[in-house]
Every structure is written in structure tokens, then in C-alpha cells.
Amino acid sequence: MISVKERPQGEADWAAATDLVLAVTGRAFNVQREALMSKQRCQADIAFSRQVAMYLFHIVFGGTYKQVGALFGRERTTVAYA
């Protein structure tokens with residue numbers, strides 16, 4: 001986890017952090033960005049990779065469940081489950 005001082009501050013910082021997490025997760029699981037950001041239910045491997053991306057965003061960048069949910073088009077409870 002990064003320190004509070006290094007957390008993304010503005011919208012541009014959060015967008016860059018999102019791009020980084022999606023790129024790393026997509027490459028690790030061989031899943032396209034569009035599939036990770038899809039609002040539809042999908043195959044188990046894509047759903048798992050999306051959960052990993054949400055987890056990383058929450059843990060590494062310190063995003064709240066509400067922030068992560070907004071970025072992925074999910075509710076905070078879904079993020080907490082991930």
C-alpha cells in the first residue's frame with residue numbers, strides 16, 4: 001500500500017491509477033480492458049480478474065469501496081466481496 005501522501009489526489013491521478021491497475025490485471029490474466037470494465041455478468045475467469053483488479057485498486061492505491069465501485073460500475077458491497 002502506498003502512503004497517504006502518495007495517494008492519487010485529483011481526477012487525472014485516479015484515472016491514471018485505474019489505467020495502471022487495468023493494464024497490469026489484464027496482462028496477467030490475458031483479459032481485455034473492455035471485459036474488465038463490462039457491466040454485464042460474464043465468464044468466471046473474467047469475473048475473477050475483475051475482482052482482482054478491484055482488490056488491487058483498493059489495497060495498493062487506498063481507494064474506498066465507494067470509489068472503486070464507481071470506477072467499475074459496481075456497488076460498494078460488490079467491491080467488498082471482491
# chains A, B, ... in the order shown; residues from 1 in each chain; ligands from 1
>>> closest_atom_pairs(of="region 18-61 of chain A", to="region 65-76 of chain A", cutoff="8 Å", atoms="only C-alpha atoms", output="Markdown table")
| residue | atom | partner | partner_atom | distance |
| --- | --- | --- | --- | --- |
| A:Thr18 | CA | A:Leu71 | CA | 7.8 |
| A:Met37 | CA | A:Phe72 | CA | 5.8 |
| A:Ser38 | CA | A:Phe72 | CA | 8.0 |
| A:Lys39 | CA | A:Gly73 | CA | 6.3 |
| A:Met54 | CA | A:Val68 | CA | 6.4 |
| A:Phe57 | CA | A:Val68 | CA | 7.0 |
| A:His58 | CA | A:Val68 | CA | 6.8 |
>>> write_last_selection(atoms="N, CA and C atoms", output="CSV table (one decimal), in the first residue's frame")
chain,number,residue,atom,x,y,z
A,18,THR,N,-6.2,4.0,-12.3
A,18,THR,CA,-7.2,3.0,-12.9
A,18,THR,C,-6.6,2.3,-14.1
A,37,MET,N,-14.1,-3.9,-17.6
A,37,MET,CA,-14.9,-2.8,-17.2
A,37,MET,C,-16.4,-3.0,-17.6
A,38,SER,N,-16.7,-4.2,-18.2
A,38,SER,CA,-18.0,-4.5,-18.6
A,38,SER,C,-19.0,-4.5,-17.4
A,39,LYS,N,-20.2,-4.0,-17.6
A,39,LYS,CA,-21.2,-4.0,-16.5
A,39,LYS,C,-22.0,-5.3,-16.5
A,54,MET,N,-10.2,-4.9,-8.7
A,54,MET,CA,-10.9,-4.1,-7.7
A,54,MET,C,-10.1,-4.2,-6.4
A,57,PHE,N,-6.8,-2.2,-6.6
A,57,PHE,CA,-7.1,-0.7,-6.6
A,57,PHE,C,-7.4,-0.3,-5.2
A,58,HIS,N,-8.1,-1.1,-4.4
A,58,HIS,CA,-8.4,-0.8,-3.0
A,58,HIS,C,-7.2,-0.9,-2.1
>>> select_by_dssp(residues="chain A", states="alpha helix (DSSP H)", output="PDB file with N, CA, C and O atoms, in the first residue's frame")
ATOM      1  N   GLU A  11      -8.794  13.937 -10.230  1.00  0.00           N
ATOM      2  CA  GLU A  11      -9.438  13.027 -11.172  1.00  0.00           C
ATOM      3  C   GLU A  11      -8.429  12.410 -12.136  1.00  0.00           C
ATOM      4  O   GLU A  11      -8.517  11.229 -12.456  1.00  0.00           O
ATOM      5  N   ALA A  12      -7.469  13.216 -12.585  1.00  0.00           N
ATOM      6  CA  ALA A  12      -6.459  12.705 -13.519  1.00  0.00           C
ATOM      7  C   ALA A  12      -5.591  11.637 -12.858  1.00  0.00           C
ATOM      8  O   ALA A  12      -5.232  10.642 -13.490  1.00  0.00           O
ATOM      9  N   ASP A  13      -5.259  11.836 -11.596  1.00  0.00           N
ATOM     10  CA  ASP A  13      -4.456  10.846 -10.869  1.00  0.00           C
ATOM     11  C   ASP A  13      -5.218   9.541 -10.706  1.00  0.00           C
ATOM     12  O   ASP A  13      -4.662   8.448 -10.861  1.00  0.00           O
ATOM     13  N   TRP A  14      -6.509   9.634 -10.364  1.00  0.00           N
ATOM     14  CA  TRP A  14      -7.309   8.425 -10.202  1.00  0.00           C
ATOM     15  C   TRP A  14      -7.469   7.707 -11.539  1.00  0.00           C
ATOM     16  O   TRP A  14      -7.463   6.485 -11.607  1.00  0.00           O
ATOM     17  N   ALA A  15      -7.603   8.461 -12.619  1.00  0.00           N
ATOM     18  CA  ALA A  15      -7.726   7.857 -13.947  1.00  0.00           C
ATOM     19  C   ALA A  15      -6.437   7.124 -14.321  1.00  0.00           C
ATOM     20  O   ALA A  15      -6.478   6.017 -14.867  1.00  0.00           O
ATOM     21  N   ALA A  16      -5.288   7.722 -14.001  1.00  0.00           N
ATOM     22  CA  ALA A  16      -4.003   7.086 -14.285  1.00  0.00           C
ATOM     23  C   ALA A  16      -3.839   5.815 -13.452  1.00  0.00           C
ATOM     24  O   ALA A  16      -3.338   4.799 -13.947  1.00  0.00           O
ATOM     25  N   ALA A  17      -4.254   5.872 -12.201  1.00  0.00           N
ATOM     26  CA  ALA A  17      -4.177   4.696 -11.336  1.00  0.00           C
ATOM     27  C   ALA A  17      -5.075   3.582 -11.864  1.00  0.00           C
ATOM     28  O   ALA A  17      -4.693   2.403 -11.871  1.00  0.00           O
ATOM     29  N   THR A  18      -6.247   3.953 -12.328  1.00  0.00           N
ATOM     30  CA  THR A  18      -7.170   2.968 -12.891  1.00  0.00           C
ATOM     31  C   THR A  18      -6.576   2.316 -14.128  1.00  0.00           C
ATOM     32  O   THR A  18      -6.629   1.095 -14.284  1.00  0.00           O
ATOM     33  N   ASP A  19      -5.994   3.131 -15.007  1.00  0.00           N
ATOM     34  CA  ASP A  19      -5.365   2.585 -16.211  1.00  0.00           C
ATOM     35  C   ASP A  19      -4.248   1.617 -15.860  1.00  0.00           C
ATOM     36  O   ASP A  19      -4.115   0.562 -16.483  1.00  0.00           O
ATOM     37  N   LEU A  20      -3.460   1.965 -14.861  1.00  0.00           N
ATOM     38  CA  LEU A  20      -2.356   1.099 -14.447  1.00  0.00           C
ATOM     39  C   LEU A  20      -2.861  -0.241 -13.924  1.00  0.00           C
ATOM     40  O   LEU A  20      -2.381  -1.300 -14.329  1.00  0.00           O
ATOM     41  N   VAL A  21      -3.839  -0.198 -13.048  1.00  0.00           N
ATOM     42  CA  VAL A  21      -4.373  -1.435 -12.474  1.00  0.00           C
ATOM     43  C   VAL A  21      -5.018  -2.299 -13.556  1.00  0.00           C
ATOM     44  O   VAL A  21      -4.814  -3.513 -13.594  1.00  0.00           O
ATOM     45  N   LEU A  22      -5.767  -1.690 -14.447  1.00  0.00           N
ATOM     46  CA  LEU A  22      -6.414  -2.451 -15.517  1.00  0.00           C
ATOM     47  C   LEU A  22      -5.392  -3.050 -16.472  1.00  0.00           C
ATOM     48  O   LEU A  22      -5.552  -4.191 -16.926  1.00  0.00           O
ATOM     49  N   ALA A  23      -4.331  -2.315 -16.762  1.00  0.00           N
ATOM     50  CA  ALA A  23      -3.299  -2.823 -17.662  1.00  0.00           C
ATOM     51  C   ALA A  23      -2.574  -4.013 -17.042  1.00  0.00           C
ATOM     52  O   ALA A  23      -2.363  -5.040 -17.699  1.00  0.00           O
ATOM     53  N   VAL A  24      -2.218  -3.891 -15.782  1.00  0.00           N
ATOM     54  CA  VAL A  24      -1.494  -4.972 -15.101  1.00  0.00           C
ATOM     55  C   VAL A  24      -2.381  -6.207 -14.965  1.00  0.00           C
ATOM     56  O   VAL A  24      -1.955  -7.331 -15.257  1.00  0.00           O
ATOM     57  N   THR A  25      -3.609  -6.006 -14.530  1.00  0.00           N
ATOM     58  CA  THR A  25      -4.522  -7.134 -14.347  1.00  0.00           C
ATOM     59  C   THR A  25      -4.868  -7.786 -15.682  1.00  0.00           C
ATOM     60  O   THR A  25      -4.879  -9.014 -15.793  1.00  0.00           O
ATOM     61  N   GLY A  26      -5.140  -6.975 -16.674  1.00  0.00           N
ATOM     62  CA  GLY A  26      -5.464  -7.506 -17.990  1.00  0.00           C
ATOM     63  C   GLY A  26      -4.339  -8.331 -18.575  1.00  0.00           C
ATOM     64  O   GLY A  26      -4.561  -9.402 -19.148  1.00  0.00           O
ATOM     65  N   ARG A  27      -3.134  -7.849 -18.405  1.00  0.00           N
ATOM     66  CA  ARG A  27      -1.986  -8.588 -18.929  1.00  0.00           C
ATOM     67  C   ARG A  27      -1.753  -9.879 -18.147  1.00  0.00           C
ATOM     68  O   ARG A  27      -1.447 -10.917 -18.719  1.00  0.00           O
ATOM     69  N   ALA A  28      -1.892  -9.819 -16.840  1.00  0.00           N
ATOM     70  CA  ALA A  28      -1.652 -11.000 -16.011  1.00  0.00           C
ATOM     71  C   ALA A  28      -2.659 -12.112 -16.299  1.00  0.00           C
ATOM     72  O   ALA A  28      -2.307 -13.291 -16.288  1.00  0.00           O
ATOM     73  N   PHE A  29      -3.922 -11.724 -16.552  1.00  0.00           N
ATOM     74  CA  PHE A  29      -4.969 -12.723 -16.762  1.00  0.00           C
ATOM     75  C   PHE A  29      -5.362 -12.886 -18.225  1.00  0.00           C
ATOM     76  O   PHE A  29      -6.283 -13.636 -18.535  1.00  0.00           O
ATOM     77  N   ARG A  33      -9.325  -4.918 -21.537  1.00  0.00           N
ATOM     78  CA  ARG A  33      -9.828  -3.858 -20.656  1.00  0.00           C
ATOM     79  C   ARG A  33     -11.346  -3.756 -20.727  1.00  0.00           C
ATOM     80  O   ARG A  33     -12.012  -3.566 -19.718  1.00  0.00           O
ATOM     81  N   GLU A  34     -11.888  -3.865 -21.921  1.00  0.00           N
ATOM     82  CA  GLU A  34     -13.335  -3.760 -22.091  1.00  0.00           C
ATOM     83  C   GLU A  34     -14.072  -4.833 -21.295  1.00  0.00           C
ATOM     84  O   GLU A  34     -15.133  -4.582 -20.737  1.00  0.00           O
ATOM     85  N   ALA A  35     -13.499  -6.020 -21.232  1.00  0.00           N
ATOM     86  CA  ALA A  35     -14.119  -7.105 -20.475  1.00  0.00           C
ATOM     87  C   ALA A  35     -14.052  -6.822 -18.974  1.00  0.00           C
ATOM     88  O   ALA A  35     -15.000  -7.106 -18.243  1.00  0.00           O
ATOM     89  N   LEU A  36     -12.939  -6.246 -18.523  1.00  0.00           N
ATOM     90  CA  LEU A  36     -12.806  -5.914 -17.103  1.00  0.00           C
ATOM     91  C   LEU A  36     -13.797  -4.830 -16.688  1.00  0.00           C
ATOM     92  O   LEU A  36     -14.321  -4.851 -15.576  1.00  0.00           O
ATOM     93  N   MET A  37     -14.054  -3.891 -17.570  1.00  0.00           N
ATOM     94  CA  MET A  37     -14.929  -2.769 -17.243  1.00  0.00           C
ATOM     95  C   MET A  37     -16.395  -3.035 -17.604  1.00  0.00           C
ATOM     96  O   MET A  37     -17.248  -2.206 -17.345  1.00  0.00           O
ATOM     97  N   ALA A  44     -16.465 -16.866 -15.641  1.00  0.00           N
ATOM     98  CA  ALA A  44     -15.846 -16.889 -14.323  1.00  0.00           C
ATOM     99  C   ALA A  44     -14.427 -16.332 -14.332  1.00  0.00           C
ATOM    100  O   ALA A  44     -14.035 -15.620 -13.403  1.00  0.00           O
ATOM    101  N   ASP A  45     -13.646 -16.598 -15.381  1.00  0.00           N
ATOM    102  CA  ASP A  45     -12.272 -16.100 -15.406  1.00  0.00           C
ATOM    103  C   ASP A  45     -12.218 -14.587 -15.532  1.00  0.00           C
ATOM    104  O   ASP A  45     -11.368 -13.938 -14.923  1.00  0.00           O
ATOM    105  N   ILE A  46     -13.143 -14.010 -16.275  1.00  0.00           N
ATOM    106  CA  ILE A  46     -13.193 -12.550 -16.397  1.00  0.00           C
ATOM    107  C   ILE A  46     -13.681 -11.939 -15.091  1.00  0.00           C
ATOM    108  O   ILE A  46     -13.135 -10.927 -14.634  1.00  0.00           O
ATOM    109  N   ALA A  47     -14.676 -12.535 -14.470  1.00  0.00           N
ATOM    110  CA  ALA A  47     -15.182 -12.025 -13.191  1.00  0.00           C
ATOM    111  C   ALA A  47     -14.090 -12.072 -12.127  1.00  0.00           C
ATOM    112  O   ALA A  47     -13.939 -11.117 -11.346  1.00  0.00           O
ATOM    113  N   PHE A  48     -13.319 -13.150 -12.103  1.00  0.00           N
ATOM    114  CA  PHE A  48     -12.237 -13.258 -11.134  1.00  0.00           C
ATOM    115  C   PHE A  48     -11.176 -12.193 -11.373  1.00  0.00           C
ATOM    116  O   PHE A  48     -10.691 -11.551 -10.429  1.00  0.00           O
ATOM    117  N   SER A  49     -10.807 -11.966 -12.630  1.00  0.00           N
ATOM    118  CA  SER A  49      -9.800 -10.952 -12.921  1.00  0.00           C
ATOM    119  C   SER A  49     -10.310  -9.552 -12.566  1.00  0.00           C
ATOM    120  O   SER A  49      -9.546  -8.706 -12.105  1.00  0.00           O
ATOM    121  N   ARG A  50     -11.609  -9.309 -12.735  1.00  0.00           N
ATOM    122  CA  ARG A  50     -12.192  -8.032 -12.334  1.00  0.00           C
ATOM    123  C   ARG A  50     -12.123  -7.869 -10.813  1.00  0.00           C
ATOM    124  O   ARG A  50     -11.813  -6.788 -10.297  1.00  0.00           O
ATOM    125  N   GLN A  51     -12.385  -8.940 -10.088  1.00  0.00           N
ATOM    126  CA  GLN A  51     -12.295  -8.889  -8.628  1.00  0.00           C
ATOM    127  C   GLN A  51     -10.866  -8.597  -8.178  1.00  0.00           C
ATOM    128  O   GLN A  51     -10.652  -7.829  -7.247  1.00  0.00           O
ATOM    129  N   VAL A  52      -9.902  -9.188  -8.857  1.00  0.00           N
ATOM    130  CA  VAL A  52      -8.501  -8.923  -8.527  1.00  0.00           C
ATOM    131  C   VAL A  52      -8.170  -7.455  -8.790  1.00  0.00           C
ATOM    132  O   VAL A  52      -7.495  -6.805  -7.976  1.00  0.00           O
ATOM    133  N   ALA A  53      -8.647  -6.917  -9.894  1.00  0.00           N
ATOM    134  CA  ALA A  53      -8.395  -5.507 -10.213  1.00  0.00           C
ATOM    135  C   ALA A  53      -9.002  -4.595  -9.142  1.00  0.00           C
ATOM    136  O   ALA A  53      -8.362  -3.632  -8.696  1.00  0.00           O
ATOM    137  N   MET A  54     -10.220  -4.888  -8.712  1.00  0.00           N
ATOM    138  CA  MET A  54     -10.851  -4.083  -7.668  1.00  0.00           C
ATOM    139  C   MET A  54     -10.078  -4.186  -6.361  1.00  0.00           C
ATOM    140  O   MET A  54      -9.868  -3.189  -5.666  1.00  0.00           O
ATOM    141  N   TYR A  55      -9.628  -5.386  -6.032  1.00  0.00           N
ATOM    142  CA  TYR A  55      -8.850  -5.602  -4.811  1.00  0.00           C
ATOM    143  C   TYR A  55      -7.543  -4.802  -4.860  1.00  0.00           C
ATOM    144  O   TYR A  55      -7.174  -4.127  -3.901  1.00  0.00           O
ATOM    145  N   LEU A  56      -6.843  -4.890  -5.986  1.00  0.00           N
ATOM    146  CA  LEU A  56      -5.585  -4.159  -6.114  1.00  0.00           C
ATOM    147  C   LEU A  56      -5.799  -2.655  -6.002  1.00  0.00           C
ATOM    148  O   LEU A  56      -5.014  -1.957  -5.355  1.00  0.00           O
ATOM    149  N   PHE A  57      -6.831  -2.169  -6.644  1.00  0.00           N
ATOM    150  CA  PHE A  57      -7.096  -0.737  -6.585  1.00  0.00           C
ATOM    151  C   PHE A  57      -7.370  -0.302  -5.155  1.00  0.00           C
ATOM    152  O   PHE A  57      -6.897   0.748  -4.710  1.00  0.00           O
ATOM    153  N   HIS A  58      -8.093  -1.106  -4.418  1.00  0.00           N
ATOM    154  CA  HIS A  58      -8.410  -0.776  -3.025  1.00  0.00           C
ATOM    155  C   HIS A  58      -7.169  -0.867  -2.139  1.00  0.00           C
ATOM    156  O   HIS A  58      -6.905   0.029  -1.339  1.00  0.00           O
ATOM    157  N   ILE A  59      -6.396  -1.915  -2.281  1.00  0.00           N
ATOM    158  CA  ILE A  59      -5.244  -2.135  -1.407  1.00  0.00           C
ATOM    159  C   ILE A  59      -4.059  -1.255  -1.791  1.00  0.00           C
ATOM    160  O   ILE A  59      -3.470  -0.581  -0.944  1.00  0.00           O
ATOM    161  N   VAL A  60      -3.687  -1.241  -3.050  1.00  0.00           N
ATOM    162  CA  VAL A  60      -2.483  -0.522  -3.469  1.00  0.00           C
ATOM    163  C   VAL A  60      -2.679   0.988  -3.426  1.00  0.00           C
ATOM    164  O   VAL A  60      -1.845   1.721  -2.890  1.00  0.00           O
ATOM    165  N   PHE A  61      -3.780   1.459  -3.979  1.00  0.00           N
ATOM    166  CA  PHE A  61      -3.982   2.899  -4.070  1.00  0.00           C
ATOM    167  C   PHE A  61      -4.846   3.474  -2.957  1.00  0.00           C
ATOM    168  O   PHE A  61      -5.054   4.673  -2.876  1.00  0.00           O
ATOM    169  N   TYR A  65     -14.223   1.657  -0.963  1.00  0.00           N
ATOM    170  CA  TYR A  65     -15.135   0.765  -1.686  1.00  0.00           C
ATOM    171  C   TYR A  65     -16.038   1.565  -2.618  1.00  0.00           C
ATOM    172  O   TYR A  65     -16.334   1.139  -3.725  1.00  0.00           O
ATOM    173  N   LYS A  66     -16.457   2.709  -2.162  1.00  0.00           N
ATOM    174  CA  LYS A  66     -17.340   3.547  -2.962  1.00  0.00           C
ATOM    175  C   LYS A  66     -16.627   4.053  -4.223  1.00  0.00           C
ATOM    176  O   LYS A  66     -17.185   4.038  -5.312  1.00  0.00           O
ATOM    177  N   GLN A  67     -15.358   4.487  -4.071  1.00  0.00           N
ATOM    178  CA  GLN A  67     -14.586   4.963  -5.225  1.00  0.00           C
ATOM    179  C   GLN A  67     -14.348   3.844  -6.227  1.00  0.00           C
ATOM    180  O   GLN A  67     -14.513   4.031  -7.431  1.00  0.00           O
ATOM    181  N   VAL A  68     -13.949   2.690  -5.731  1.00  0.00           N
ATOM    182  CA  VAL A  68     -13.671   1.559  -6.610  1.00  0.00           C
ATOM    183  C   VAL A  68     -14.950   1.118  -7.313  1.00  0.00           C
ATOM    184  O   VAL A  68     -14.950   0.844  -8.514  1.00  0.00           O
ATOM    185  N   GLY A  69     -16.043   1.082  -6.582  1.00  0.00           N
ATOM    186  CA  GLY A  69     -17.317   0.714  -7.184  1.00  0.00           C
ATOM    187  C   GLY A  69     -17.727   1.669  -8.286  1.00  0.00           C
ATOM    188  O   GLY A  69     -18.225   1.245  -9.334  1.00  0.00           O
ATOM    189  N   ALA A  70     -17.502   2.948  -8.075  1.00  0.00           N
ATOM    190  CA  ALA A  70     -17.840   3.941  -9.096  1.00  0.00           C
ATOM    191  C   ALA A  70     -16.995   3.743 -10.352  1.00  0.00           C
ATOM    192  O   ALA A  70     -17.495   3.881 -11.471  1.00  0.00           O
ATOM    193  N   LEU A  71     -15.732   3.416 -10.181  1.00  0.00           N
ATOM    194  CA  LEU A  71     -14.858   3.216 -11.338  1.00  0.00           C
ATOM    195  C   LEU A  71     -15.239   1.984 -12.149  1.00  0.00           C
ATOM    196  O   LEU A  71     -15.117   1.972 -13.367  1.00  0.00           O
ATOM    197  N   PHE A  72     -15.702   0.954 -11.473  1.00  0.00           N
ATOM    198  CA  PHE A  72     -16.027  -0.300 -12.146  1.00  0.00           C
ATOM    199  C   PHE A  72     -17.523  -0.467 -12.413  1.00  0.00           C
ATOM    200  O   PHE A  72     -17.951  -1.499 -12.906  1.00  0.00           O
ATOM    201  N   ARG A  76     -20.650  -0.688  -3.736  1.00  0.00           N
ATOM    202  CA  ARG A  76     -19.560  -0.869  -2.772  1.00  0.00           C
ATOM    203  C   ARG A  76     -19.573  -2.248  -2.148  1.00  0.00           C
ATOM    204  O   ARG A  76     -18.535  -2.801  -1.812  1.00  0.00           O
ATOM    205  N   THR A  77     -20.744  -2.843  -2.000  1.00  0.00           N
ATOM    206  CA  THR A  77     -20.820  -4.176  -1.416  1.00  0.00           C
ATOM    207  C   THR A  77     -20.184  -5.231  -2.334  1.00  0.00           C
ATOM    208  O   THR A  77     -19.595  -6.192  -1.856  1.00  0.00           O
ATOM    209  N   THR A  78     -20.296  -5.028  -3.633  1.00  0.00           N
ATOM    210  CA  THR A  78     -19.659  -5.934  -4.589  1.00  0.00           C
ATOM    211  C   THR A  78     -18.143  -5.830  -4.466  1.00  0.00           C
ATOM    212  O   THR A  78     -17.435  -6.837  -4.528  1.00  0.00           O
ATOM    213  N   VAL A  79     -17.654  -4.624  -4.296  1.00  0.00           N
ATOM    214  CA  VAL A  79     -16.216  -4.408  -4.135  1.00  0.00           C
ATOM    215  C   VAL A  79     -15.741  -5.048  -2.840  1.00  0.00           C
ATOM    216  O   VAL A  79     -14.684  -5.677  -2.798  1.00  0.00           O
ATOM    217  N   ALA A  80     -16.501  -4.926  -1.793  1.00  0.00           N
ATOM    218  CA  ALA A  80     -16.125  -5.530  -0.510  1.00  0.00           C
ATOM    219  C   ALA A  80     -16.046  -7.046  -0.635  1.00  0.00           C
ATOM    220  O   ALA A  80     -15.155  -7.679  -0.053  1.00  0.00           O
ATOM    221  N   TYR A  81     -16.933  -7.637  -1.409  1.00  0.00           N
ATOM    222  CA  TYR A  81     -16.902  -9.068  -1.632  1.00  0.00           C
ATOM    223  C   TYR A  81     -15.639  -9.483  -2.383  1.00  0.00           C
ATOM    224  O   TYR A  81     -15.037 -10.515  -2.092  1.00  0.00           O
TER     225      TYR A  81
END
